[in-house]
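Input: a single structure, listed below in structure tokens.
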Amino acid sequence: MIDLHDLRERPEEYQRTCQNKGIKVDVAAFLKLDAEYRKSRADFESMRASQNAVSKEIPKLSGAEKEAKLAEMKGLAEKLKEATSTLKELEEQWQKQQLLLPSIPLPQVPVGKDDSENVFSRAWGEVPKPSFDLRDHIRLGKELDLFDVERGVKIAGTRSYFLKGDGMRLQHAVMSLALDLLHKSGYTLMDPPHIVNWNAMMGTSYFPGGEEMAYHLDQRDDGYYLIGTSEVPVASFHAEEILAQEELPKRYAGYSPCYRREAGAYGKDTAGLYRVHQFYKVEQVVLCRADADESMRMHQELLGNAEKLMQLMELPYRVVEVCTGDMGQGQVYKNDIEAWMPSRKAYGETHSCSSFYDFQARRLNTRYKDGNGKNVFCYTLNNTLVASPRILIPLLENHQNADGSVTIPKALRPYMAGQEVIVPKS
RNA sequence: GGAGAGAUGGCUGAGUGGUUUAAGGCGCCAGUUUUGAAAACUGGAGAUCGGUUCGCCGAUUCAAGGGUUCGAAUCCCUUUCUCUCCGCCA
């Protein structure tokens, strides 16, 4: 949701954003509806005002005088009923359409049509150039007995898997390291609800628009959805609240399974653990003051935390500036982190760091009292800290050895009972 | 799953059709008093939207939505949530 005063001030800017973000919204048409809606509302309110005024007089009257007034009011009540229904109709349309309006990206965001036009920013780590033939994570998974996709598909359909043995232990180790890292950095760890209502999906701006991506509970529990990320419940945590300025920034780390239908991704990344229906993720969520500098500081902090974890896991990665066409409706600034995946001979997206300014907070109605006692919408941000099993791909592939074993990065060993290497079963 | 009771401002809590413009209390803010504080006294204060001559004016808001009525916190219907008891259960 955006500030409609701002939209009325500079509609061209919003229309251009729609083009840049690839969103099909006609701003001029919305403004026309907006004017109509406000006119209808003014009409309704003035009728209501006169009704309220007369209602106060009626109990003081009696006899014929009272009868006359009542008859008169009956006519007004009918007109009001009509006015109410047109207002309701307009309001419904207005509400629906304003949820589709995008926020304007920061000036430094590159304009582009899709992820092919994202801009490389910087890289960390050495891309391995081994003297032996590299195995991909699927082969490593088989030889080291880390996961079983065939049986996953047997039990739960495409894009399903079992993690087992050291595969499961490795994932658990990654999550533990990740949670410890954020705990030490002062983040509040959270295990949130995995099933949420429509308001939470709308408030975090996944709905409307992302319905096809979410698992929707059946008629018996209609109106509830499986989360695709803990950002949804965690960012909604303070919905409808007014916080004190001193409490900000709020730093949260949500840990949860994530469920995604991956509709529209048929045939894409079908092999292995890259794109699956269910995965685990530690997600960083921040609520801060409505201040551009503060928001950017927090953005860099979130990005820095993710980079630190990548470095602890000794994984080569790069950071990209995401272009307008690859941004969401509400995001104003976004960086992806991509890990080097030898089997793809390419970097693959593992993290997504987003600044929303007040876009989500307006939908969620999360505010704070500023220094002047005024209620102001918070700014929100979020970034992946780590998601698994996708992270197992670079982890296994980058750390493999000529004999088919995989070396466990030092930082993970304490979480795997000191184990240093995963060796083939044979 | 069965039976019952509820949802009122920051909190507590009255209010069963019209001076309720939501009482009273607690907490909060300001002033008086005080060396300062406390206490006492006096006054003030919710949120959202629209309009505005920037003084204000109007509408909405008593869980949510609909209905009855000239008029609804109050009556009716639906939904959501909370609590108590019973059943089931990791």
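Each chain in the structure tokens gets a letter, A, B and so on, in the order shown; residues start at 1 in every chain, and ligands are counted from 1 in the order they appear.
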
What are the DSSP helix (DSSP H, G or I) residues of stretch 91-319 of chain A, as a PyMOL selection string?
chain A and resi 91-98+115-117+137-143+149-156+165-184+198-203+211-213+219-221+231-236+245-247+292-312

Residues of stretch 246-388 of chain A in strand (DSSP E) according to DSSP, as a PyMOL selection string?
chain A and resi 250-259+278-288+317-321+333-341+346-357+367-369+375-377+379-388

So that I can check the surroundings of A:Glu294, please list as an MDAnalysis selection string every protein, DNA and RNA residue that reaches within 12 Å of it, counting only C-alpha atoms (C1' of nucleotides) and ignoring chain neighbours fewer than 3 positions away.
chainID A and resid 248:249 286:291 297:301 355 357 378:381

Nearest candidate to A:Asn372 (options A:Gln98, A:Leu396, A:Pro11, A:Gln245; using only C-alpha atoms):
A:Gln245

Exercise: stretch 61-65 of chain B partners within 7 Å, only C-alpha atoms (C1' of nucleotides), chain neighbours under 2 positions left out, as a ChimeraX atom specification:
/B:7-8,73,80

Find the spatial neighbours of A:Leu80, counting only C-alpha atoms (C1' of nucleotides), within a cut-off of 8 Å - ignore same-chain residues fewer than 2 positions away - and output them as a ChimeraX atom specification.
/A:44,47-48,76-78,82-84

Mind dumping a table of every chain B residue within 12 Å of chain A, with the nearest atom pair and its distance in Å to one decimal, using only C-alpha atoms (C1' of nucleotides), sorted by chain and rising number, as CSV?
residue,atom,partner,partner_atom,distance
B:G10,C1',A:Ile242,CA,10.7
B:G17,C1',A:Pro59,CA,11.5
B:G18,C1',A:Pro59,CA,5.6
B:U19,C1',A:Lys56,CA,8.8
B:U21,C1',A:Lys56,CA,11.2
B:C29,C1',A:Gly373,CA,11.4
B:A47,C1',A:Asn375,CA,10.0
B:U48,C1',A:Asn365,CA,11.1
B:C49,C1',A:Arg41,CA,9.7
B:G50,C1',A:Ala42,CA,6.8
B:G51,C1',A:Ala42,CA,8.7
B:C57,C1',A:Ala49,CA,11.1
B:G58,C1',A:Ala49,CA,7.0
B:A59,C1',A:Glu45,CA,5.2
B:U60,C1',A:Glu45,CA,9.3
B:U69,C1',A:Lys74,CA,9.7
B:C70,C1',A:Leu70,CA,4.9
B:G71,C1',A:Ser55,CA,5.7
B:U80,C1',A:Asn197,CA,11.4

Dump as a tab-separated table (two decimals), in the first residue's frame, selection limited to N, CA, C and O atoms (P, O5', C5', C4', C3', O3' and C1' of nucleotides):
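As written to disk, selection.tsv reads:
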chain	number	residue	atom	x	y	z
B	10	G	P	-6.91	2.97	22.83
B	10	G	O5'	-5.95	2.47	24.00
B	10	G	C5'	-4.77	1.76	23.66
B	10	G	C4'	-4.00	1.43	24.90
B	10	G	C3'	-4.76	0.68	25.97
B	10	G	O3'	-4.80	-0.71	25.71
B	10	G	C1'	-3.60	2.48	26.96
B	17	G	P	-33.84	-0.47	26.50
B	17	G	O5'	-33.49	-0.16	24.97
B	17	G	C5'	-32.19	0.21	24.58
B	17	G	C4'	-32.26	1.35	23.61
B	17	G	C3'	-33.33	2.40	23.91
B	17	G	O3'	-32.78	3.67	23.67
B	17	G	C1'	-33.46	1.75	21.68
B	18	G	P	-32.43	4.62	24.93
B	18	G	O5'	-32.17	6.02	24.23
B	18	G	C5'	-31.04	6.20	23.37
B	18	G	C4'	-31.06	7.60	22.78
B	18	G	C3'	-31.39	8.68	23.79
B	18	G	O3'	-30.65	9.85	23.47
B	18	G	C1'	-33.02	8.67	22.06
B	19	U	P	-29.30	10.10	24.32
B	19	U	O5'	-29.81	10.30	25.84
B	19	U	C5'	-30.41	11.49	26.25
B	19	U	C4'	-29.34	12.56	26.45
B	19	U	C3'	-28.62	12.56	27.79
B	19	U	O3'	-27.65	11.51	27.83
B	19	U	C1'	-29.05	14.79	27.07
B	21	U	P	-25.09	11.19	22.76
B	21	U	O5'	-23.81	12.08	22.47
B	21	U	C5'	-22.83	11.68	21.53
B	21	U	C4'	-21.49	12.23	21.94
B	21	U	C3'	-20.94	11.66	23.24
B	21	U	O3'	-19.55	11.41	23.11
B	21	U	C1'	-21.04	14.02	23.38
B	29	C	P	3.52	11.35	32.21
B	29	C	O5'	2.91	12.60	31.43
B	29	C	C5'	3.17	12.79	30.04
B	29	C	C4'	2.38	13.96	29.52
B	29	C	C3'	2.47	15.23	30.34
B	29	C	O3'	3.65	15.97	30.06
B	29	C	C1'	0.21	14.80	29.82
B	47	A	P	-4.75	9.99	18.52
B	47	A	O5'	-5.32	8.81	17.62
B	47	A	C5'	-4.67	7.55	17.58
B	47	A	C4'	-5.43	6.60	16.69
B	47	A	C3'	-5.69	7.13	15.29
B	47	A	O3'	-4.58	6.93	14.44
B	47	A	C1'	-7.69	6.26	16.18
B	48	U	P	-4.32	7.92	13.22
B	48	U	O5'	-5.45	7.49	12.19
B	48	U	C5'	-5.41	6.20	11.59
B	48	U	C4'	-6.62	5.98	10.74
B	48	U	C3'	-6.89	7.07	9.72
B	48	U	O3'	-6.11	6.92	8.55
B	48	U	C1'	-8.89	6.57	10.85
B	49	C	P	-5.67	8.24	7.74
B	49	C	O5'	-7.00	8.65	6.97
B	49	C	C5'	-7.57	7.76	6.03
B	49	C	C4'	-8.95	8.22	5.65
B	49	C	C3'	-9.04	9.65	5.12
B	49	C	O3'	-8.65	9.75	3.78
B	49	C	C1'	-10.77	9.28	6.68
B	50	G	P	-8.05	11.14	3.24
B	50	G	O5'	-9.32	12.08	3.15
B	50	G	C5'	-10.33	11.81	2.19
B	50	G	C4'	-11.50	12.72	2.38
B	50	G	C3'	-11.18	14.21	2.37
B	50	G	O3'	-11.02	14.70	1.05
B	50	G	C1'	-12.63	13.74	4.16
B	51	G	P	-10.07	15.98	0.81
B	51	G	O5'	-10.86	17.18	1.49
B	51	G	C5'	-12.03	17.69	0.87
B	51	G	C4'	-12.73	18.66	1.79
B	51	G	C3'	-11.97	19.93	2.13
B	51	G	O3'	-12.00	20.89	1.10
B	51	G	C1'	-12.94	19.06	4.09
B	57	C	P	-15.17	22.32	16.09
B	57	C	O5'	-15.82	22.01	14.66
B	57	C	C5'	-16.66	22.96	14.03
B	57	C	C4'	-17.04	22.48	12.64
B	57	C	C3'	-17.51	21.04	12.57
B	57	C	O3'	-18.86	20.88	12.97
B	57	C	C1'	-15.95	21.43	10.85
B	58	G	P	-19.28	19.53	13.74
B	58	G	O5'	-19.27	18.46	12.59
B	58	G	C5'	-20.19	18.56	11.51
B	58	G	C4'	-19.83	17.59	10.42
B	58	G	C3'	-19.75	16.13	10.82
B	58	G	O3'	-21.01	15.54	10.98
B	58	G	C1'	-17.93	16.66	9.43
B	59	A	P	-21.20	14.27	11.95
B	59	A	O5'	-20.56	13.12	11.06
B	59	A	C5'	-21.17	12.75	9.82
B	59	A	C4'	-20.31	11.73	9.13
B	59	A	C3'	-20.03	10.47	9.95
B	59	A	O3'	-21.10	9.55	9.87
B	59	A	C1'	-18.02	11.27	9.02
B	60	U	P	-21.41	8.59	11.11
B	60	U	O5'	-20.18	7.59	11.08
B	60	U	C5'	-20.00	6.72	9.97
B	60	U	C4'	-18.65	6.05	10.05
B	60	U	C3'	-18.40	5.23	11.30
B	60	U	O3'	-18.99	3.95	11.21
B	60	U	C1'	-16.52	6.58	10.85
B	69	U	P	-37.37	-1.55	8.89
B	69	U	O5'	-37.13	-0.46	10.03
B	69	U	C5'	-37.98	-0.43	11.18
B	69	U	C4'	-37.47	0.57	12.16
B	69	U	C3'	-37.18	1.95	11.59
B	69	U	O3'	-38.35	2.73	11.43
B	69	U	C1'	-35.40	1.28	13.00
B	70	C	P	-38.55	3.65	10.16
B	70	C	O5'	-37.48	4.80	10.41
B	70	C	C5'	-37.21	5.74	9.38
B	70	C	C4'	-36.42	6.88	9.96
B	70	C	C3'	-35.24	6.47	10.83
B	70	C	O3'	-34.09	6.17	10.06
B	70	C	C1'	-36.49	8.12	11.96
B	71	G	P	-33.21	4.91	10.44
B	71	G	O5'	-32.62	5.33	11.85
B	71	G	C5'	-31.64	6.37	11.91
B	71	G	C4'	-31.29	6.68	13.33
B	71	G	C3'	-30.77	5.51	14.16
B	71	G	O3'	-29.39	5.29	13.94
B	71	G	C1'	-32.40	6.69	15.39
B	80	U	P	-15.92	-18.99	11.68
B	80	U	O5'	-14.95	-17.90	12.33
B	80	U	C5'	-13.93	-17.31	11.55
B	80	U	C4'	-13.24	-16.21	12.34
B	80	U	C3'	-12.69	-16.62	13.69
B	80	U	O3'	-11.43	-17.26	13.58
B	80	U	C1'	-13.88	-14.60	13.92

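Between atom CA of A:Arg275 and atom CA of A:Tyr317 lies a distance of 18.8 Å.
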
One-decimal distance in Å that lies between atom CA of A:Gly330 and atom CA of A:Asp3:
12.0 Å

Excluding same-chain residues fewer than 3 positions from stretch 39-43 of chain B, what lies within 8 Å of it counting only C-alpha atoms (C1' of nucleotides), as JSON, numbers by chain?
{"B": [30, 31, 32]}

Now that the selection is made, can you save its residues with C-alpha atoms (C1' of nucleotides) as a short mmCIF file (atom, residue, chain, number, x, y, z; two decimals), in the first residue's frame?
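Heads up, here's the output in out27.cif:
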data_model
loop_
_atom_site.label_atom_id
_atom_site.label_comp_id
_atom_site.auth_asym_id
_atom_site.auth_seq_id
_atom_site.Cartn_x
_atom_site.Cartn_y
_atom_site.Cartn_z
"C1'" A B 30 -0.03 20.02 31.45
"C1'" G B 31 -0.86 23.68 35.24
"C1'" U B 32 -1.28 25.23 40.62
#

note - atom CA of A:Asp136 and atom CA of A:Arg169 are separated by 19.6 Å

Using only C-alpha atoms (C1' of nucleotides), which of the listed residues (B:C85, B:C56, B:C75, B:C26) sits closest to B:A3?
B:C85
